[in-house]
Each structure stands twice: as C-alpha cells, then as structure tokens.
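Novice: Dropping in entry09.pdb, with PDB, C-alpha atoms, pLDDT in the B column.
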```
ATOM      1  CA  MET J   1     107.304  91.110  94.882  1.00 87.00           C
ATOM      2  CA  ILE J   2     109.142  92.962  97.644  1.00 86.00           C
ATOM      3  CA  THR J   3     106.128  95.255  98.101  1.00 87.00           C
ATOM      4  CA  LEU J   4     103.921  92.231  98.713  1.00 89.00           C
ATOM      5  CA  VAL J   5     106.387  90.857 101.283  1.00 89.00           C
ATOM      6  CA  GLU J   6     106.606  94.265 102.974  1.00 91.00           C
ATOM      7  CA  ILE J   7     102.818  94.608 103.238  1.00 88.00           C
ATOM      8  CA  TYR J   8     102.422  91.140 104.722  1.00 88.00           C
ATOM      9  CA  TRP J   9     105.320  91.642 107.125  1.00 90.00           C
ATOM     10  CA  SER J  10     104.102  95.044 108.310  1.00 88.00           C
ATOM     11  CA  MET J  11     100.349  94.639 108.257  1.00 87.00           C
ATOM     12  CA  GLY J  12      99.931  90.874 108.320  1.00 85.00           C
ATOM     13  CA  ALA J  13      98.450  91.048 111.813  1.00 87.00           C
ATOM     14  CA  LEU J  14      95.430  92.755 110.231  1.00 83.00           C
ATOM     15  CA  SER J  15      94.956  90.117 107.524  1.00 85.00           C
ATOM     16  CA  ASN J  16      92.028  88.444 109.301  1.00 85.00           C
ATOM     17  CA  GLN J  17      90.149  91.690 109.842  1.00 83.00           C
ATOM     18  CA  ILE J  18      87.358  92.813 107.536  1.00 84.00           C
ATOM     19  CA  SER J  19      87.948  95.722 105.196  1.00 84.00           C
ATOM     20  CA  SER J  20      85.612  98.642 105.814  1.00 83.00           C
ATOM     21  CA  GLY J  21      85.766  99.665 102.166  1.00 83.00           C
ATOM     22  CA  CYS J  22      85.042  96.258 100.628  1.00 81.00           C
ATOM     23  CA  MET J  23      83.530  93.640 102.889  1.00 83.00           C
ATOM     24  CA  THR J  24      84.254  90.814 100.448  1.00 85.00           C
ATOM     25  CA  CYS J  25      87.848  91.797  99.593  1.00 83.00           C
ATOM     26  CA  SER J  26      90.570  89.695 101.141  1.00 88.00           C
ATOM     27  CA  PHE J  27      93.824  91.038 102.516  1.00 87.00           C
ATOM     28  CA  LEU J  28      95.680  89.212  99.737  1.00 89.00           C
ATOM     29  CA  GLU J  29      93.598  90.927  97.043  1.00 88.00           C
ATOM     30  CA  ASP J  30      94.330  94.334  98.549  1.00 88.00           C
ATOM     31  CA  ALA J  31      98.042  93.552  98.910  1.00 88.00           C
ATOM     32  CA  LEU J  32      98.306  92.261  95.325  1.00 91.00           C
ATOM     33  CA  MET J  33      96.568  95.351  93.971  1.00 89.00           C
ATOM     34  CA  MET J  34      98.873  97.636  95.943  1.00 90.00           C
ATOM     35  CA  ALA J  35     101.954  95.692  94.821  1.00 90.00           C
ATOM     36  CA  PHE J  36     100.804  95.864  91.192  1.00 92.00           C
ATOM     37  CA  PHE J  37     100.277  99.638  91.255  1.00 91.00           C
ATOM     38  CA  THR J  38     103.542 100.140  93.138  1.00 89.00           C
ATOM     39  CA  GLY J  39     105.408  98.145  90.503  1.00 88.00           C
ATOM     40  CA  ILE J  40     103.977 100.172  87.634  1.00 92.00           C
ATOM     41  CA  PHE J  41     104.413 103.552  89.313  1.00 89.00           C
ATOM     42  CA  LEU J  42     107.946 102.951  90.552  1.00 86.00           C
ATOM     43  CA  SER J  43     109.036 101.409  87.243  1.00 86.00           C
ATOM     44  CA  VAL J  44     108.105 104.630  85.484  1.00 90.00           C
ATOM     45  CA  VAL J  45     109.683 106.850  88.146  1.00 86.00           C
ATOM     46  CA  PHE J  46     112.868 104.773  88.386  1.00 81.00           C
ATOM     47  CA  ALA J  47     113.173 104.770  84.580  1.00 84.00           C
ATOM     48  CA  LEU J  48     113.053 108.570  84.670  1.00 85.00           C
ATOM     49  CA  LEU J  49     115.699 108.567  87.413  1.00 81.00           C
ATOM     50  CA  TYR J  50     117.958 106.384  85.259  1.00 80.00           C
ATOM     51  CA  LYS J  51     119.378 109.564  83.721  1.00 79.00           C
ATOM     52  CA  VAL J  52     120.627 110.804  87.103  1.00 77.00           C
ATOM     53  CA  LYS J  53     124.388 110.221  87.034  1.00 78.00           C
ATOM     54  CA  LYS J  54     125.182 110.564  90.728  1.00 80.00           C
ATOM     55  CA  PHE J  55     124.463 107.162  92.230  1.00 76.00           C
ATOM     56  CA  PHE J  56     124.103 108.373  95.821  1.00 82.00           C
ATOM     57  CA  ILE J  57     121.493 111.022  94.959  1.00 83.00           C
ATOM     58  CA  LYS J  58     119.620 108.583  92.734  1.00 83.00           C
ATOM     59  CA  ALA J  59     119.577 105.879  95.426  1.00 84.00           C
ATOM     60  CA  ILE J  60     118.369 108.332  98.101  1.00 89.00           C
ATOM     61  CA  ILE J  61     115.523 109.565  95.884  1.00 88.00           C
ATOM     62  CA  GLU J  62     114.503 105.993  95.011  1.00 87.00           C
ATOM     63  CA  PHE J  63     114.641 104.918  98.653  1.00 92.00           C
ATOM     64  CA  LEU J  64     112.577 107.892  99.846  1.00 93.00           C
ATOM     65  CA  LEU J  65     109.924 107.364  97.164  1.00 92.00           C
ATOM     66  CA  LEU J  66     109.703 103.676  98.013  1.00 91.00           C
ATOM     67  CA  VAL J  67     109.486 104.312 101.758  1.00 93.00           C
ATOM     68  CA  ILE J  68     106.842 107.019 101.379  1.00 93.00           C
ATOM     69  CA  LEU J  69     104.753 104.823  99.113  1.00 92.00           C
ATOM     70  CA  TRP J  70     105.011 101.823 101.431  1.00 92.00           C
ATOM     71  CA  PHE J  71     104.088 103.900 104.495  1.00 94.00           C
ATOM     72  CA  PHE J  72     101.113 105.258 102.561  1.00 92.00           C
ATOM     73  CA  TRP J  73      99.930 101.721 101.668  1.00 91.00           C
ATOM     74  CA  ASN J  74     100.435 100.533 105.242  1.00 92.00           C
ATOM     75  CA  TYR J  75      98.553 103.537 106.590  1.00 93.00           C
ATOM     76  CA  SER J  76      95.658 102.917 104.208  1.00 90.00           C
ATOM     77  CA  ILE J  77      95.509  99.252 105.253  1.00 89.00           C
ATOM     78  CA  PHE J  78      95.563 100.214 108.930  1.00 90.00           C
ATOM     79  CA  VAL J  79      92.769 102.743 108.443  1.00 90.00           C
ATOM     80  CA  ASP J  80      90.727 100.350 106.308  1.00 88.00           C
ATOM     81  CA  ARG J  81      91.046  97.262 108.490  1.00 85.00           C
ATOM     82  CA  GLU J  82      91.552  98.621 112.016  1.00 86.00           C
ATOM     83  CA  SER J  83      90.981 102.282 112.777  1.00 85.00           C
ATOM     84  CA  SER J  84      87.798 102.737 110.760  1.00 80.00           C
ATOM     85  CA  TRP J  85      86.147 100.188 113.053  1.00 82.00           C
ATOM     86  CA  SER J  86      87.289 102.016 116.178  1.00 82.00           C
ATOM     87  CA  THR J  87      88.016 105.465 117.586  1.00 83.00           C
ATOM     88  CA  TYR J  88      91.581 106.225 116.479  1.00 83.00           C
ATOM     89  CA  ASP J  89      92.632 109.796 115.832  1.00 88.00           C
ATOM     90  CA  LEU J  90      95.169 110.742 113.144  1.00 90.00           C
ATOM     91  CA  ARG J  91      98.061 110.805 115.593  1.00 92.00           C
ATOM     92  CA  SER J  92      97.283 107.288 116.838  1.00 89.00           C
ATOM     93  CA  GLU J  93      96.879 105.998 113.297  1.00 89.00           C
ATOM     94  CA  MET J  94     100.270 107.396 112.324  1.00 91.00           C
ATOM     95  CA  TYR J  95     101.891 106.049 115.486  1.00 92.00           C
ATOM     96  CA  TYR J  96     100.628 102.507 114.965  1.00 90.00           C
ATOM     97  CA  THR J  97     101.418 102.532 111.261  1.00 90.00           C
ATOM     98  CA  ILE J  98     104.988 103.686 111.875  1.00 92.00           C
ATOM     99  CA  THR J  99     105.417 101.263 114.765  1.00 91.00           C
ATOM    100  CA  LEU J 100     104.280  98.294 112.677  1.00 90.00           C
ATOM    101  CA  SER J 101     106.103  99.374 109.526  1.00 91.00           C
ATOM    102  CA  LEU J 102     109.412 100.960 110.465  1.00 93.00           C
ATOM    103  CA  PHE J 103     111.704  97.919 110.548  1.00 93.00           C
ATOM    104  CA  PRO J 104     110.214  96.077 107.524  1.00 93.00           C
ATOM    105  CA  VAL J 105     110.131  99.243 105.408  1.00 93.00           C
ATOM    106  CA  ILE J 106     113.727 100.223 106.137  1.00 94.00           C
ATOM    107  CA  LEU J 107     115.131  96.714 105.759  1.00 94.00           C
ATOM    108  CA  LEU J 108     113.205  95.719 102.622  1.00 92.00           C
ATOM    109  CA  GLY J 109     113.593  99.200 101.127  1.00 91.00           C
ATOM    110  CA  SER J 110     117.369  98.952 101.478  1.00 90.00           C
ATOM    111  CA  VAL J 111     117.381  95.458  99.959  1.00 90.00           C
ATOM    112  CA  CYS J 112     115.172  96.600  97.088  1.00 87.00           C
ATOM    113  CA  ILE J 113     117.332  99.619  96.242  1.00 86.00           C
ATOM    114  CA  LEU J 114     120.493  97.507  96.430  1.00 85.00           C
ATOM    115  CA  LEU J 115     118.961  94.923  94.090  1.00 84.00           C
ATOM    116  CA  LEU J 116     117.768  97.587  91.651  1.00 80.00           C
ATOM    117  CA  ASN J 117     121.202  99.179  91.605  1.00 75.00           C
ATOM    118  CA  TYR J 118     123.228  95.959  91.832  1.00 70.00           C
ATOM    119  CA  ARG J 119     125.400  96.882  88.886  1.00 65.00           C
ATOM    120  CA  ASN J 120     126.289 100.306  90.302  1.00 61.00           C
ATOM    121  CA  VAL J 121     126.985  99.042  93.823  1.00 58.00           C
ATOM    122  CA  PHE J 122     128.817  95.758  93.364  1.00 60.00           C
ATOM    123  CA  GLN J 123     130.279  95.623  89.876  1.00 60.00           C
ATOM    124  CA  LYS J 124     131.992  99.036  89.948  1.00 57.00           C
ATOM    125  CA  ASN J 125     133.901  97.931  93.035  1.00 53.00           C
ATOM    126  CA  LYS J 126     135.425  95.039  91.068  1.00 54.00           C
ATOM    127  CA  ASN J 127     136.975  97.331  88.440  1.00 49.00           C
TER     128      ASN J 127
END
```
Can you dump the structure from the file as structure tokens?
Specialist:
Amino acid sequence: MITLVEIYWSMGALSNQISSGCMTCSFLEDALMMAFFTGIFLSVVFALLYKVKKFFIKAIIEFLLLVILWFFWNYSIFVDRESSWSTYDLRSEMYYTITLSLFPVILLGSVCILLLNYRNVFQKNKN
C-alpha cells in the first residue's frame, strides 16, 4: 500500500499523460502492478533478512532496497510517460526523477521500515 502512495505522490503529476509502452494502460494500472510486484519481491527479501540479528544493519539494508526499488519504478514511469515523448538525456531523466521522488521516497521509506520493524523499535524500549 505504501508503494502505491509513494508512486502517486512522486509521479502523480504524470498520471494524465499517455504511456508510450501501452497506450490503453492507465497510471493506476501501472502503479498497482508495480506495487504488487514490489510487495511480493520485498516480502521474500525481508523474510530472508529476518535472520539478521543486528537491527541497525537489517533496517539499513531494507531501507536501501526499498529506496532503490522505488527510484527504479519512478524512473521507469518518468521515462514511459514523459521522457520517451521528448528529448531528455539520461542525466536529465535522473535529475527529474530524483527531484520528484526524493522527499516522498525518504519519508515513506522511513515510515515503512519503522512499521515493518515496529516490534524491534518500540517494544524493546519498553522492557
């Protein structure tokens, strides 16, 4: 769910633009598909990371994977709905993607990791 919110927050300005890869696909369809695949992929990866005992290292790895994946999705949306219709170079594509995504990715990524590790963060402090 957080992935869907992040995509709409970051790339929502492009939601009315036509996809160059699928002219009939809506922004919502693309965002739902990306959120679905993100959920499956990160569930598997985070389950594997469950065995990591050091909370700080585990949280950093989870955060970095989440951020990288979200930037990748945002970049692909930007390329599909904006830059493929124009004359952007790679540097400009990266600049605009990072500009549009930086705050939502960091904020929602932090919230997501805190929620996933709620027990480790908040309940250990009570003991």
Novice: To box segment 15-31 of chain J, take all atoms listed in the file, fit an axis-aligned box, add 8 Å on each side, and give centre and edge lengths in Å to one decimal, as lines of an AutoDock Vina configuration file.
Specialist:
```
center_x = 90.8
center_y = 94.1
center_z = 103.4
size_x = 30.5
size_y = 27.2
size_z = 28.8
```
Novice: Just so the selection is clear, what residues does the PyMOL selection byres ((chain J and resi 109) around 9) cover here, as a PyMOL selection string?
Specialist: chain J and resi 2-3+6+63-64+66-67+70+104-108+110-114
Novice: Need the neighbours of (101.2, 93.6, 98.2): which residues are at most 6 Å away, counting only C-alpha atoms, as a PDB file with C-alpha atoms, keeping the file's coordinate frame?
Specialist:
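Now in part_28.pdb:
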```
ATOM      1  CA  THR J   3     106.128  95.255  98.101  1.00 87.00           C
ATOM      2  CA  LEU J   4     103.921  92.231  98.713  1.00 89.00           C
ATOM      3  CA  ILE J   7     102.818  94.608 103.238  1.00 88.00           C
ATOM      4  CA  ALA J  31      98.042  93.552  98.910  1.00 88.00           C
ATOM      5  CA  LEU J  32      98.306  92.261  95.325  1.00 91.00           C
ATOM      6  CA  MET J  34      98.873  97.636  95.943  1.00 90.00           C
ATOM      7  CA  ALA J  35     101.954  95.692  94.821  1.00 90.00           C
TER       8      ALA J  35
END
```
Novice: From the list J:Ser86, J:Tyr96, J:Lys51, J:Ile61, which residue is nearest Asn74 of chain J when using only C-alpha atoms?
Specialist: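 Once distances to Asn74 of chain J are computed over only C-alpha atoms, the minimum belongs to J:Tyr96.
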Novice: Between atom CA of Leu100 of chain J and atom CA of Glu29 of chain J, what distance in Å does the model show, to one decimal?
Specialist: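 Taking atom CA of Leu100 of chain J as the start and atom CA of Glu29 of chain J as the end point, the length is 20.3 Å.
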Novice: Work out how far atom CA of Arg81 of chain J is from atom CA of Ser19 of chain J, in Å to one decimal.
Specialist: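 Atom CA of Arg81 of chain J lies 4.8 Å from atom CA of Ser19 of chain J.
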Novice: Report, in Å with one decimal, the straight-line distance from atom CA of Ser101 of chain J to atom CA of Phe71 of chain J.
Specialist: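 According to the coordinates, atom CA of Ser101 of chain J and atom CA of Phe71 of chain J are separated by 7.1 Å.
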Novice: Calculated over all atoms listed in the file, which of the candidates J:Ile77, J:Met94, J:Ile68, J:Ile60 has the smallest distance to Phe27 of chain J?
Specialist: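 The shortest atom-to-atom distance to Phe27 of chain J comes from J:Ile77.
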Novice: Rank nothing, just name the residue among J:Phe41, J:Leu28, J:Lys53, J:Phe72 nearest to Asn16 of chain J, using all atoms listed in the file.
Specialist: J:Leu28
Novice: For the provided coordinates, the residues matched by the PyMOL selection byres ((chain J and resi 20) around 7) should be stated as a PyMOL selection string.
Specialist: chain J and resi 18-19+21-23+80-81+84
Novice: Return the single residue from J:Leu14, J:Thr24, J:Tyr75, J:Glu62 that is closest to Val44 of chain J, with distances computed using only C-alpha atoms.
Specialist: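 Result for the nearest residue to Val44 of chain J: J:Glu62.
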Novice: Looking at all atoms listed in the file, which of J:Leu69, J:Leu115, J:Met11, J:Leu102 is the one that sits closest to Thr38 of chain J?
Specialist: J:Leu69
Novice: Can you pull segment 65-104 of chain J out of that block with N, CA and C atoms and hand it back as a PDB file, in the first residue's frame?
Specialist:
```pdb
ATOM      1  N   LEU J  65      17.171  -1.185  -0.076  1.00  0.00           N
ATOM      2  CA  LEU J  65      16.467  -1.967  -1.105  1.00  0.00           C
ATOM      3  C   LEU J  65      15.152  -1.302  -1.499  1.00  0.00           C
ATOM      4  N   LEU J  66      14.420  -0.833  -0.510  1.00  0.00           N
ATOM      5  CA  LEU J  66      13.147  -0.169  -0.775  1.00  0.00           C
ATOM      6  C   LEU J  66      13.353   1.109  -1.579  1.00  0.00           C
ATOM      7  N   VAL J  67      14.311   1.913  -1.186  1.00  0.00           N
ATOM      8  CA  VAL J  67      14.585   3.179  -1.873  1.00  0.00           C
ATOM      9  C   VAL J  67      15.039   2.935  -3.314  1.00  0.00           C
ATOM     10  N   ILE J  68      15.927   1.989  -3.506  1.00  0.00           N
ATOM     11  CA  ILE J  68      16.405   1.680  -4.857  1.00  0.00           C
ATOM     12  C   ILE J  68      15.260   1.212  -5.738  1.00  0.00           C
ATOM     13  N   LEU J  69      14.428   0.332  -5.195  1.00  0.00           N
ATOM     14  CA  LEU J  69      13.295  -0.167  -5.972  1.00  0.00           C
ATOM     15  C   LEU J  69      12.318   0.948  -6.305  1.00  0.00           C
ATOM     16  N   TRP J  70      12.008   1.799  -5.360  1.00  0.00           N
ATOM     17  CA  TRP J  70      11.087   2.904  -5.617  1.00  0.00           C
ATOM     18  C   TRP J  70      11.653   3.894  -6.630  1.00  0.00           C
ATOM     19  N   PHE J  71      12.943   4.223  -6.539  1.00  0.00           N
ATOM     20  CA  PHE J  71      13.549   5.102  -7.533  1.00  0.00           C
ATOM     21  C   PHE J  71      13.507   4.455  -8.920  1.00  0.00           C
ATOM     22  N   PHE J  72      13.729   3.149  -8.976  1.00  0.00           N
ATOM     23  CA  PHE J  72      13.648   2.453 -10.254  1.00  0.00           C
ATOM     24  C   PHE J  72      12.246   2.548 -10.846  1.00  0.00           C
ATOM     25  N   TRP J  73      11.199   2.300 -10.026  1.00  0.00           N
ATOM     26  CA  TRP J  73       9.823   2.415 -10.521  1.00  0.00           C
ATOM     27  C   TRP J  73       9.527   3.843 -10.970  1.00  0.00           C
ATOM     28  N   ASN J  74       9.936   4.813 -10.174  1.00  0.00           N
ATOM     29  CA  ASN J  74       9.678   6.212 -10.538  1.00  0.00           C
ATOM     30  C   ASN J  74      10.402   6.588 -11.825  1.00  0.00           C
ATOM     31  N   TYR J  75      11.620   6.114 -11.967  1.00  0.00           N
ATOM     32  CA  TYR J  75      12.372   6.381 -13.201  1.00  0.00           C
ATOM     33  C   TYR J  75      11.656   5.757 -14.401  1.00  0.00           C
ATOM     34  N   SER J  76      11.195   4.520 -14.245  1.00  0.00           N
ATOM     35  CA  SER J  76      10.524   3.869 -15.371  1.00  0.00           C
ATOM     36  C   SER J  76       9.217   4.583 -15.725  1.00  0.00           C
ATOM     37  N   ILE J  77       8.502   5.085 -14.737  1.00  0.00           N
ATOM     38  CA  ILE J  77       7.289   5.858 -15.017  1.00  0.00           C
ATOM     39  C   ILE J  77       7.641   7.149 -15.740  1.00  0.00           C
ATOM     40  N   PHE J  78       8.677   7.836 -15.274  1.00  0.00           N
ATOM     41  CA  PHE J  78       9.084   9.089 -15.905  1.00  0.00           C
ATOM     42  C   PHE J  78       9.477   8.857 -17.362  1.00  0.00           C
ATOM     43  N   VAL J  79      10.255   7.820 -17.606  1.00  0.00           N
ATOM     44  CA  VAL J  79      10.674   7.515 -18.976  1.00  0.00           C
ATOM     45  C   VAL J  79       9.458   7.142 -19.828  1.00  0.00           C
ATOM     46  N   ASP J  80       8.577   6.332 -19.288  1.00  0.00           N
ATOM     47  CA  ASP J  80       7.421   5.855 -20.034  1.00  0.00           C
ATOM     48  C   ASP J  80       6.416   6.954 -20.349  1.00  0.00           C
ATOM     49  N   ARG J  81       6.194   7.854 -19.419  1.00  0.00           N
ATOM     50  CA  ARG J  81       5.113   8.831 -19.576  1.00  0.00           C
ATOM     51  C   ARG J  81       5.587  10.245 -19.910  1.00  0.00           C
ATOM     52  N   GLU J  82       6.879  10.514 -19.800  1.00  0.00           N
ATOM     53  CA  GLU J  82       7.354  11.875 -20.075  1.00  0.00           C
ATOM     54  C   GLU J  82       8.521  11.888 -21.061  1.00  0.00           C
ATOM     55  N   SER J  83       9.633  11.297 -20.681  1.00  0.00           N
ATOM     56  CA  SER J  83      10.842  11.496 -21.489  1.00  0.00           C
ATOM     57  C   SER J  83      10.822  10.766 -22.821  1.00  0.00           C
ATOM     58  N   SER J  84      10.074   9.680 -22.931  1.00  0.00           N
ATOM     59  CA  SER J  84      10.023   8.989 -24.219  1.00  0.00           C
ATOM     60  C   SER J  84       9.283   9.800 -25.280  1.00  0.00           C
ATOM     61  N   TRP J  85       8.491  10.760 -24.854  1.00  0.00           N
ATOM     62  CA  TRP J  85       7.772  11.633 -25.777  1.00  0.00           C
ATOM     63  C   TRP J  85       8.568  12.897 -26.098  1.00  0.00           C
ATOM     64  N   SER J  86       9.748  13.032 -25.517  1.00  0.00           N
ATOM     65  CA  SER J  86      10.512  14.259 -25.675  1.00  0.00           C
ATOM     66  C   SER J  86      11.985  13.934 -25.911  1.00  0.00           C
ATOM     67  N   THR J  87      12.841  14.909 -25.650  1.00  0.00           N
ATOM     68  CA  THR J  87      14.268  14.743 -25.935  1.00  0.00           C
ATOM     69  C   THR J  87      15.109  14.839 -24.667  1.00  0.00           C
ATOM     70  N   TYR J  88      14.780  14.047 -23.664  1.00  0.00           N
ATOM     71  CA  TYR J  88      15.578  14.003 -22.436  1.00  0.00           C
ATOM     72  C   TYR J  88      16.777  13.094 -22.633  1.00  0.00           C
ATOM     73  N   ASP J  89      17.909  13.459 -22.042  1.00  0.00           N
ATOM     74  CA  ASP J  89      19.036  12.551 -21.987  1.00  0.00           C
ATOM     75  C   ASP J  89      19.011  11.858 -20.623  1.00  0.00           C
ATOM     76  N   LEU J  90      19.887  10.888 -20.422  1.00  0.00           N
ATOM     77  CA  LEU J  90      19.897  10.107 -19.186  1.00  0.00           C
ATOM     78  C   LEU J  90      20.088  10.990 -17.956  1.00  0.00           C
ATOM     79  N   ARG J  91      20.973  11.944 -18.060  1.00  0.00           N
ATOM     80  CA  ARG J  91      21.237  12.838 -16.925  1.00  0.00           C
ATOM     81  C   ARG J  91      19.983  13.638 -16.529  1.00  0.00           C
ATOM     82  N   SER J  92      19.272  14.140 -17.515  1.00  0.00           N
ATOM     83  CA  SER J  92      18.037  14.883 -17.245  1.00  0.00           C
ATOM     84  C   SER J  92      16.957  13.977 -16.668  1.00  0.00           C
ATOM     85  N   GLU J  93      16.861  12.768 -17.192  1.00  0.00           N
ATOM     86  CA  GLU J  93      15.882  11.820 -16.657  1.00  0.00           C
ATOM     87  C   GLU J  93      16.157  11.526 -15.185  1.00  0.00           C
ATOM     88  N   MET J  94      17.414  11.284 -14.869  1.00  0.00           N
ATOM     89  CA  MET J  94      17.783  11.004 -13.475  1.00  0.00           C
ATOM     90  C   MET J  94      17.522  12.222 -12.588  1.00  0.00           C
ATOM     91  N   TYR J  95      17.863  13.392 -13.074  1.00  0.00           N
ATOM     92  CA  TYR J  95      17.660  14.618 -12.306  1.00  0.00           C
ATOM     93  C   TYR J  95      16.180  14.819 -11.965  1.00  0.00           C
ATOM     94  N   TYR J  96      15.327  14.710 -12.965  1.00  0.00           N
ATOM     95  CA  TYR J  96      13.899  14.922 -12.725  1.00  0.00           C
ATOM     96  C   TYR J  96      13.295  13.826 -11.847  1.00  0.00           C
ATOM     97  N   THR J  97      13.730  12.606 -12.050  1.00  0.00           N
ATOM     98  CA  THR J  97      13.230  11.515 -11.213  1.00  0.00           C
ATOM     99  C   THR J  97      13.619  11.729  -9.754  1.00  0.00           C
ATOM    100  N   ILE J  98      14.866  12.069  -9.512  1.00  0.00           N
ATOM    101  CA  ILE J  98      15.323  12.299  -8.138  1.00  0.00           C
ATOM    102  C   ILE J  98      14.643  13.526  -7.544  1.00  0.00           C
ATOM    103  N   THR J  99      14.496  14.566  -8.328  1.00  0.00           N
ATOM    104  CA  THR J  99      13.834  15.780  -7.847  1.00  0.00           C
ATOM    105  C   THR J  99      12.393  15.505  -7.421  1.00  0.00           C
ATOM    106  N   LEU J 100      11.667  14.752  -8.241  1.00  0.00           N
ATOM    107  CA  LEU J 100      10.270  14.455  -7.936  1.00  0.00           C
ATOM    108  C   LEU J 100      10.119  13.428  -6.813  1.00  0.00           C
ATOM    109  N   SER J 101      11.116  12.577  -6.639  1.00  0.00           N
ATOM    110  CA  SER J 101      10.975  11.431  -5.751  1.00  0.00           C
ATOM    111  C   SER J 101      11.659  11.552  -4.394  1.00  0.00           C
ATOM    112  N   LEU J 102      12.624  12.402  -4.253  1.00  0.00           N
ATOM    113  CA  LEU J 102      13.488  12.365  -3.076  1.00  0.00           C
ATOM    114  C   LEU J 102      12.723  12.444  -1.759  1.00  0.00           C
ATOM    115  N   PHE J 103      11.912  13.459  -1.570  1.00  0.00           N
ATOM    116  CA  PHE J 103      11.198  13.625  -0.304  1.00  0.00           C
ATOM    117  C   PHE J 103      10.197  12.489  -0.047  1.00  0.00           C
ATOM    118  N   PRO J 104       9.320  12.146  -1.016  1.00  0.00           N
ATOM    119  CA  PRO J 104       8.386  11.048  -0.758  1.00  0.00           C
ATOM    120  C   PRO J 104       9.079   9.712  -0.480  1.00  0.00           C
TER     121      PRO J 104
END
```
